[in-house]
Amino acid sequence: MAPKVYTMLISQPARALSWACAFEGTEVEEVQVMPGKDTKKPEYLAANPIPTVPRLEEDGFVLNESHAIMCYLGDKHNWKLYPRDARMRARIHQYMNWHHQNTRRITLALFAPVVRTDLAFPKDMLDDWKKNITSPMGTLSTIETWLSSSKWLCGDQPTVADLSCYCEIAQCCDQFTGIFAINGIDLAPYPRIRAWLAACEQLPGHDQSHALLKKMSSDFKKAAQLRSKL
C-alpha cells in the first residue's frame, strides 16, 4: 500500500515533495488538507505535534518536514535525487540546513503575507528578511555563487536540494505570481540562477507539481498587487 502524504500544493515544501515523488516514480496517496486549519485539528496534532504539511504516514510511521520525508523516501527507494555518494549527500544536507534561515525566508517575506494572512510576522522582521534576499552576501548571491562551480546546487546532477530551492524562488517569478517584480526584485544580476531555473523546469514532474500554482497565478498576482498598495 502506498504511503499517505498530507499535502497542499500551494505549499512550497509540499510541492517539492510531490515533484520529487513524480520525478522518481514513487507512488504515494496525496491527501489534500488546508494548512493553518486542518493541520491544527486535534486528530492531526495527535499523530505528530508539528502542525504543517507535508506529512507522510506509512504503517503507523508518521513523519513531518519535507526534507526529512525526501531523505527517508530517497534512502528507502534509492532515489537518483538523493545519491548515496557521501560528499554529495553532505552538500545536500548543507543546503537543507541553510535553506530554513535563507531561501525559505523568500516565501515568508513575500509569498506568505499574500496567501497566509493568519501568519502575523512583525513588519521589521519581514523587512529584514526581504533585504537579505538581494543583499551582497544574501540568499540569491549565495545561490549564484554555488551555481558558479556546477550546473546544479550540489554538483553535476539535480538533487532534492534543487527541487526544494526552486519551489521557493520560482513561485515569485512572472510565470507564477510575479511577486519579485511587484517587490522590485530583479533576477537579471543572477544569470546562473536564471539558467538553473530554466533547467529545473525541464525535469520530470515539474509541470504536474506546479499545475495548481499555475492555475491560481492570476489570483495571486492580483492579491500581491493589492497588498503592495497598502
# chains A, B, ... in the order shown; residues from 1 in each chain; ligands from 1
>>> residues_around(residues="A:Thr107", least_positions_apart="5", cutoff="12 Å", atoms="only C-alpha atoms", output="PyMOL selection string")
chain A and resi 10-13+99-102+112-116+119+126+129-130+133+164-172+177+179-180
>>> write_last_selection(atoms="N, CA, C and O atoms", output="compact mmCIF listing (two decimals), in the first residue's frame")
# COMPACT_ATOMS: atom_id res chain seq x y z
N ILE A 10 -0.02 24.37 -2.94
CA ILE A 10 0.40 25.77 -2.91
C ILE A 10 1.56 25.92 -1.93
O ILE A 10 2.37 26.84 -2.04
N SER A 11 1.66 24.99 -0.98
CA SER A 11 2.78 24.98 -0.03
C SER A 11 4.06 24.59 -0.76
O SER A 11 4.12 23.59 -1.47
N GLN A 12 5.10 25.39 -0.56
CA GLN A 12 6.37 25.14 -1.25
C GLN A 12 7.00 23.80 -0.85
O GLN A 12 7.39 23.01 -1.73
N PRO A 13 7.11 23.48 0.46
CA PRO A 13 7.68 22.19 0.83
C PRO A 13 6.86 21.00 0.32
O PRO A 13 7.41 19.98 -0.10
N HIS A 99 18.86 26.28 4.12
CA HIS A 99 17.59 26.65 3.50
C HIS A 99 16.64 27.38 4.44
O HIS A 99 16.06 28.40 4.08
N HIS A 100 16.49 26.89 5.66
CA HIS A 100 15.43 27.37 6.54
C HIS A 100 15.61 28.83 6.97
O HIS A 100 14.62 29.54 7.17
N GLN A 101 16.86 29.28 7.09
CA GLN A 101 17.11 30.66 7.50
C GLN A 101 17.44 31.56 6.32
O GLN A 101 17.81 32.72 6.51
N ASN A 102 17.29 31.04 5.12
CA ASN A 102 17.66 31.80 3.94
C ASN A 102 16.62 31.68 2.82
O ASN A 102 15.71 32.51 2.74
N ALA A 112 4.05 34.42 1.80
CA ALA A 112 3.15 34.15 2.92
C ALA A 112 2.24 35.32 3.27
O ALA A 112 1.05 35.13 3.55
N PRO A 113 2.73 36.57 3.26
CA PRO A 113 1.83 37.69 3.59
C PRO A 113 0.66 37.83 2.62
O PRO A 113 -0.36 38.44 2.97
N VAL A 114 0.79 37.25 1.42
CA VAL A 114 -0.29 37.32 0.44
C VAL A 114 -1.29 36.20 0.63
O VAL A 114 -2.50 36.42 0.56
N VAL A 115 -0.80 34.98 0.89
CA VAL A 115 -1.69 33.81 0.92
C VAL A 115 -1.96 33.27 2.33
O VAL A 115 -2.90 32.51 2.52
N ARG A 116 -1.14 33.66 3.32
CA ARG A 116 -1.34 33.19 4.69
C ARG A 116 -1.41 34.39 5.62
O ARG A 116 -0.52 34.64 6.42
N LEU A 119 -0.69 34.31 9.40
CA LEU A 119 0.66 34.34 9.95
C LEU A 119 1.09 35.79 10.10
O LEU A 119 1.46 36.46 9.14
N LEU A 126 9.86 41.17 8.63
CA LEU A 126 9.63 40.96 7.20
C LEU A 126 10.57 41.82 6.37
O LEU A 126 11.10 41.38 5.35
N TRP A 129 14.05 40.27 6.37
CA TRP A 129 14.08 39.09 5.50
C TRP A 129 14.10 39.50 4.04
O TRP A 129 14.82 38.91 3.22
N LYS A 130 13.32 40.50 3.70
CA LYS A 130 13.28 40.97 2.31
C LYS A 130 14.63 41.53 1.89
O LYS A 130 15.12 41.25 0.78
N ILE A 133 17.29 38.96 0.84
CA ILE A 133 17.13 38.25 -0.43
C ILE A 133 18.18 38.72 -1.43
O ILE A 133 18.80 37.91 -2.13
N SER A 164 13.77 21.66 -3.76
CA SER A 164 13.36 22.45 -2.61
C SER A 164 13.63 23.93 -2.82
O SER A 164 12.78 24.79 -2.56
N CYS A 165 14.80 24.24 -3.33
CA CYS A 165 15.20 25.62 -3.57
C CYS A 165 14.35 26.25 -4.67
O CYS A 165 13.86 27.39 -4.53
N TYR A 166 14.16 25.53 -5.76
CA TYR A 166 13.38 26.04 -6.88
C TYR A 166 11.98 26.45 -6.44
O TYR A 166 11.48 27.51 -6.86
N CYS A 167 11.35 25.63 -5.63
CA CYS A 167 9.96 25.90 -5.24
C CYS A 167 9.81 27.22 -4.49
O CYS A 167 8.76 27.86 -4.58
N GLU A 168 10.84 27.63 -3.78
CA GLU A 168 10.78 28.90 -3.05
C GLU A 168 11.02 30.10 -3.97
O GLU A 168 10.40 31.15 -3.80
N ILE A 169 11.91 29.93 -4.95
CA ILE A 169 12.30 31.05 -5.81
C ILE A 169 11.35 31.22 -6.99
O ILE A 169 10.85 32.32 -7.25
N ALA A 170 11.10 30.14 -7.70
CA ALA A 170 10.36 30.24 -8.97
C ALA A 170 8.93 30.75 -8.77
O ALA A 170 8.39 31.44 -9.64
N GLN A 171 8.32 30.42 -7.64
CA GLN A 171 6.94 30.86 -7.40
C GLN A 171 6.81 32.38 -7.43
O GLN A 171 5.74 32.92 -7.68
N CYS A 172 7.92 33.07 -7.19
CA CYS A 172 7.90 34.53 -7.16
C CYS A 172 8.15 35.16 -8.53
O CYS A 172 8.09 36.38 -8.67
N THR A 177 3.57 34.06 -9.82
CA THR A 177 2.91 35.13 -9.06
C THR A 177 3.42 36.53 -9.37
O THR A 177 2.75 37.50 -9.04
N ILE A 179 5.67 38.06 -7.83
CA ILE A 179 5.92 38.76 -6.55
C ILE A 179 7.30 39.42 -6.52
O ILE A 179 7.47 40.46 -5.89
N PHE A 180 8.29 38.84 -7.19
CA PHE A 180 9.59 39.51 -7.24
C PHE A 180 9.45 40.89 -7.88
O PHE A 180 9.92 41.89 -7.34
>>> residues_around(residues="A:Asp128", least_positions_apart="3", cutoff="12 Å", atoms="only C-alpha atoms", output="list in words")
Gln101, Asn102, Arg105, Ile106, Leu108, Ala109, Leu110, Phe121, Pro122, Lys123, Asp124, Met125, Lys131, Asn132, Ile133, Thr134, Ser135 and Gly138 of chain A
>>> residues_around(residues="A:Glu201", least_positions_apart="6", cutoff="12 Å", atoms="only C-alpha atoms", output="PDB file with all heavy atoms, in the first residue's frame")
ATOM      1  N   TRP A  19       6.853  16.849  -6.331  1.00  0.00           N
ATOM      2  CA  TRP A  19       7.704  16.850  -7.524  1.00  0.00           C
ATOM      3  C   TRP A  19       8.723  15.715  -7.443  1.00  0.00           C
ATOM      4  O   TRP A  19       8.925  14.979  -8.415  1.00  0.00           O
ATOM      5  CB  TRP A  19       8.376  18.201  -7.612  1.00  0.00           C
ATOM      6  CG  TRP A  19       9.215  18.467  -8.823  1.00  0.00           C
ATOM      7  CD1 TRP A  19       9.416  17.657  -9.914  1.00  0.00           C
ATOM      8  CD2 TRP A  19       9.968  19.659  -9.074  1.00  0.00           C
ATOM      9  NE1 TRP A  19      10.248  18.278 -10.814  1.00  0.00           N
ATOM     10  CE2 TRP A  19      10.595  19.501 -10.326  1.00  0.00           C
ATOM     11  CE3 TRP A  19      10.161  20.842  -8.351  1.00  0.00           C
ATOM     12  CZ2 TRP A  19      11.420  20.494 -10.873  1.00  0.00           C
ATOM     13  CZ3 TRP A  19      10.973  21.824  -8.896  1.00  0.00           C
ATOM     14  CH2 TRP A  19      11.597  21.650 -10.147  1.00  0.00           C
ATOM     15  N   PHE A  23       9.082  12.732 -10.050  1.00  0.00           N
ATOM     16  CA  PHE A  23      10.350  12.556 -10.752  1.00  0.00           C
ATOM     17  C   PHE A  23      10.828  11.110 -10.644  1.00  0.00           C
ATOM     18  O   PHE A  23      11.269  10.504 -11.626  1.00  0.00           O
ATOM     19  CB  PHE A  23      11.396  13.503 -10.159  1.00  0.00           C
ATOM     20  CG  PHE A  23      12.763  13.420 -10.796  1.00  0.00           C
ATOM     21  CD1 PHE A  23      13.175  14.385 -11.700  1.00  0.00           C
ATOM     22  CD2 PHE A  23      13.653  12.398 -10.468  1.00  0.00           C
ATOM     23  CE1 PHE A  23      14.434  14.329 -12.282  1.00  0.00           C
ATOM     24  CE2 PHE A  23      14.912  12.324 -11.041  1.00  0.00           C
ATOM     25  CZ  PHE A  23      15.298  13.296 -11.957  1.00  0.00           C
ATOM     26  N   PRO A 158      20.941  16.944 -10.697  1.00  0.00           N
ATOM     27  CA  PRO A 158      19.914  17.518  -9.817  1.00  0.00           C
ATOM     28  C   PRO A 158      19.678  16.639  -8.597  1.00  0.00           C
ATOM     29  O   PRO A 158      19.810  15.411  -8.665  1.00  0.00           O
ATOM     30  CB  PRO A 158      18.672  17.557 -10.712  1.00  0.00           C
ATOM     31  CG  PRO A 158      18.889  16.483 -11.726  1.00  0.00           C
ATOM     32  CD  PRO A 158      20.380  16.457 -11.978  1.00  0.00           C
ATOM     33  N   ASP A 162      17.834  20.940  -5.137  1.00  0.00           N
ATOM     34  CA  ASP A 162      17.414  21.805  -6.237  1.00  0.00           C
ATOM     35  C   ASP A 162      15.900  21.978  -6.251  1.00  0.00           C
ATOM     36  O   ASP A 162      15.391  23.089  -6.438  1.00  0.00           O
ATOM     37  CB  ASP A 162      17.880  21.217  -7.572  1.00  0.00           C
ATOM     38  CG  ASP A 162      19.385  21.218  -7.716  1.00  0.00           C
ATOM     39  OD1 ASP A 162      19.960  22.281  -8.000  1.00  0.00           O
ATOM     40  OD2 ASP A 162      19.985  20.151  -7.527  1.00  0.00           O
ATOM     41  N   LEU A 163      15.178  20.888  -6.056  1.00  0.00           N
ATOM     42  CA  LEU A 163      13.714  20.965  -6.076  1.00  0.00           C
ATOM     43  C   LEU A 163      13.205  21.841  -4.942  1.00  0.00           C
ATOM     44  O   LEU A 163      12.307  22.670  -5.131  1.00  0.00           O
ATOM     45  CB  LEU A 163      13.107  19.558  -5.988  1.00  0.00           C
ATOM     46  CG  LEU A 163      12.939  18.798  -7.306  1.00  0.00           C
ATOM     47  CD1 LEU A 163      14.247  18.669  -8.080  1.00  0.00           C
ATOM     48  CD2 LEU A 163      12.339  17.422  -7.067  1.00  0.00           C
ATOM     49  N   TYR A 166      14.165  25.526  -5.760  1.00  0.00           N
ATOM     50  CA  TYR A 166      13.377  26.040  -6.885  1.00  0.00           C
ATOM     51  C   TYR A 166      11.979  26.453  -6.444  1.00  0.00           C
ATOM     52  O   TYR A 166      11.480  27.512  -6.861  1.00  0.00           O
ATOM     53  CB  TYR A 166      13.284  24.987  -7.987  1.00  0.00           C
ATOM     54  CG  TYR A 166      12.365  25.381  -9.122  1.00  0.00           C
ATOM     55  CD1 TYR A 166      12.867  25.996 -10.262  1.00  0.00           C
ATOM     56  CD2 TYR A 166      10.991  25.147  -9.054  1.00  0.00           C
ATOM     57  CE1 TYR A 166      12.014  26.379 -11.299  1.00  0.00           C
ATOM     58  CE2 TYR A 166      10.137  25.530 -10.082  1.00  0.00           C
ATOM     59  CZ  TYR A 166      10.655  26.139 -11.195  1.00  0.00           C
ATOM     60  OH  TYR A 166       9.807  26.517 -12.223  1.00  0.00           O
ATOM     61  N   CYS A 167      11.347  25.633  -5.629  1.00  0.00           N
ATOM     62  CA  CYS A 167       9.959  25.904  -5.245  1.00  0.00           C
ATOM     63  C   CYS A 167       9.812  27.218  -4.486  1.00  0.00           C
ATOM     64  O   CYS A 167       8.759  27.862  -4.576  1.00  0.00           O
ATOM     65  CB  CYS A 167       9.402  24.744  -4.420  1.00  0.00           C
ATOM     66  SG  CYS A 167       9.050  23.265  -5.412  1.00  0.00           S
ATOM     67  N   ALA A 170      11.100  30.140  -7.704  1.00  0.00           N
ATOM     68  CA  ALA A 170      10.360  30.242  -8.967  1.00  0.00           C
ATOM     69  C   ALA A 170       8.930  30.747  -8.772  1.00  0.00           C
ATOM     70  O   ALA A 170       8.392  31.436  -9.640  1.00  0.00           O
ATOM     71  CB  ALA A 170      10.344  28.898  -9.674  1.00  0.00           C
ATOM     72  N   GLN A 171       8.321  30.424  -7.636  1.00  0.00           N
ATOM     73  CA  GLN A 171       6.937  30.861  -7.405  1.00  0.00           C
ATOM     74  C   GLN A 171       6.813  32.384  -7.429  1.00  0.00           C
ATOM     75  O   GLN A 171       5.738  32.923  -7.676  1.00  0.00           O
ATOM     76  CB  GLN A 171       6.445  30.335  -6.064  1.00  0.00           C
ATOM     77  CG  GLN A 171       7.155  30.981  -4.898  1.00  0.00           C
ATOM     78  CD  GLN A 171       6.733  30.462  -3.559  1.00  0.00           C
ATOM     79  OE1 GLN A 171       5.841  29.630  -3.468  1.00  0.00           O
ATOM     80  NE2 GLN A 171       7.364  30.933  -2.508  1.00  0.00           N
ATOM     81  N   GLN A 175       6.072  33.890 -14.283  1.00  0.00           N
ATOM     82  CA  GLN A 175       5.199  32.828 -14.802  1.00  0.00           C
ATOM     83  C   GLN A 175       4.233  32.293 -13.750  1.00  0.00           C
ATOM     84  O   GLN A 175       3.266  31.607 -14.077  1.00  0.00           O
ATOM     85  CB  GLN A 175       6.019  31.674 -15.391  1.00  0.00           C
ATOM     86  CG  GLN A 175       6.738  30.793 -14.378  1.00  0.00           C
ATOM     87  CD  GLN A 175       8.159  31.226 -14.145  1.00  0.00           C
ATOM     88  OE1 GLN A 175       8.451  32.419 -14.177  1.00  0.00           O
ATOM     89  NE2 GLN A 175       9.040  30.260 -13.923  1.00  0.00           N
ATOM     90  N   ARG A 194      19.043  32.169 -13.194  1.00  0.00           N
ATOM     91  CA  ARG A 194      18.049  32.144 -14.268  1.00  0.00           C
ATOM     92  C   ARG A 194      18.229  30.909 -15.158  1.00  0.00           C
ATOM     93  O   ARG A 194      17.244  30.268 -15.547  1.00  0.00           O
ATOM     94  CB  ARG A 194      18.132  33.438 -15.095  1.00  0.00           C
ATOM     95  CG  ARG A 194      17.613  34.638 -14.311  1.00  0.00           C
ATOM     96  CD  ARG A 194      17.526  35.903 -15.142  1.00  0.00           C
ATOM     97  NE  ARG A 194      18.833  36.518 -15.331  1.00  0.00           N
ATOM     98  CZ  ARG A 194      19.493  36.565 -16.473  1.00  0.00           C
ATOM     99  NH1 ARG A 194      18.963  36.026 -17.560  1.00  0.00           N
ATOM    100  NH2 ARG A 194      20.661  37.160 -16.548  1.00  0.00           N
ATOM    101  N   ALA A 195      19.474  30.551 -15.470  1.00  0.00           N
ATOM    102  CA  ALA A 195      19.727  29.350 -16.269  1.00  0.00           C
ATOM    103  C   ALA A 195      19.328  28.093 -15.498  1.00  0.00           C
ATOM    104  O   ALA A 195      18.773  27.142 -16.075  1.00  0.00           O
ATOM    105  CB  ALA A 195      21.197  29.294 -16.664  1.00  0.00           C
ATOM    106  N   ASP A 207       5.885  20.118 -14.214  1.00  0.00           N
ATOM    107  CA  ASP A 207       4.596  20.667 -14.624  1.00  0.00           C
ATOM    108  C   ASP A 207       3.451  20.116 -13.784  1.00  0.00           C
ATOM    109  O   ASP A 207       2.533  20.849 -13.399  1.00  0.00           O
ATOM    110  CB  ASP A 207       4.339  20.374 -16.101  1.00  0.00           C
ATOM    111  CG  ASP A 207       5.285  21.137 -17.016  1.00  0.00           C
ATOM    112  OD1 ASP A 207       6.017  22.027 -16.518  1.00  0.00           O
ATOM    113  OD2 ASP A 207       5.308  20.851 -18.225  1.00  0.00           O
ATOM    114  N   GLN A 208       3.522  18.837 -13.470  1.00  0.00           N
ATOM    115  CA  GLN A 208       2.490  18.196 -12.654  1.00  0.00           C
ATOM    116  C   GLN A 208       2.414  18.827 -11.265  1.00  0.00           C
ATOM    117  O   GLN A 208       1.327  19.155 -10.770  1.00  0.00           O
ATOM    118  CB  GLN A 208       2.786  16.702 -12.537  1.00  0.00           C
ATOM    119  CG  GLN A 208       1.880  15.931 -11.595  1.00  0.00           C
ATOM    120  CD  GLN A 208       2.312  14.478 -11.468  1.00  0.00           C
ATOM    121  OE1 GLN A 208       2.851  13.883 -12.405  1.00  0.00           O
ATOM    122  NE2 GLN A 208       2.084  13.890 -10.314  1.00  0.00           N
ATOM    123  N   SER A 209       3.553  19.017 -10.647  1.00  0.00           N
ATOM    124  CA  SER A 209       3.571  19.523  -9.267  1.00  0.00           C
ATOM    125  C   SER A 209       3.260  21.011  -9.191  1.00  0.00           C
ATOM    126  O   SER A 209       2.872  21.508  -8.125  1.00  0.00           O
ATOM    127  CB  SER A 209       4.930  19.240  -8.619  1.00  0.00           C
ATOM    128  OG  SER A 209       5.980  19.829  -9.368  1.00  0.00           O
ATOM    129  N   HIS A 210       3.409  21.717 -10.298  1.00  0.00           N
ATOM    130  CA  HIS A 210       3.164  23.164 -10.299  1.00  0.00           C
ATOM    131  C   HIS A 210       1.852  23.547 -10.981  1.00  0.00           C
ATOM    132  O   HIS A 210       1.578  24.741 -11.172  1.00  0.00           O
ATOM    133  CB  HIS A 210       4.331  23.895 -10.975  1.00  0.00           C
ATOM    134  CG  HIS A 210       5.562  23.920 -10.128  1.00  0.00           C
ATOM    135  ND1 HIS A 210       6.380  22.821  -9.961  1.00  0.00           N
ATOM    136  CD2 HIS A 210       6.098  24.910  -9.367  1.00  0.00           C
ATOM    137  CE1 HIS A 210       7.370  23.140  -9.145  1.00  0.00           C
ATOM    138  NE2 HIS A 210       7.219  24.389  -8.767  1.00  0.00           N
TER     139      HIS A 210
END
>>> select_by_dssp(residues="stretch 12-230 of chain A", states="strand (DSSP E)", output="list in words")
Glu29, Glu30, Val31, Gln32, Arg55, Leu56, Glu57, Glu58, Phe61, Val62, Leu63 and Asn64 of chain A
>>> write_last_selection(atoms="C-alpha atoms", output="short mmCIF file (atom, residue, chain, number, x, y, z; two decimals), in the first residue's frame")
data_model
loop_
_atom_site.label_atom_id
_atom_site.label_comp_id
_atom_site.auth_asym_id
_atom_site.auth_seq_id
_atom_site.Cartn_x
_atom_site.Cartn_y
_atom_site.Cartn_z
CA GLU A 29 -1.53 8.75 -1.92
CA GLU A 30 -1.84 12.51 -1.71
CA VAL A 31 -4.47 13.72 0.77
CA GLN A 32 -5.30 17.41 0.41
CA ARG A 55 3.26 14.83 6.32
CA LEU A 56 3.93 11.18 5.50
CA GLU A 57 2.09 8.29 7.13
CA GLU A 58 3.18 4.72 6.45
CA PHE A 61 5.09 5.73 10.99
CA VAL A 62 4.41 9.48 10.90
CA LEU A 63 6.97 11.94 9.59
CA ASN A 64 6.74 15.69 9.05
#
>>> closest_residue(among="A:Ala224, A:Met216, A:Ala20, A:Val53", to="A:Thr117", atoms="only C-alpha atoms")
A:Ala224
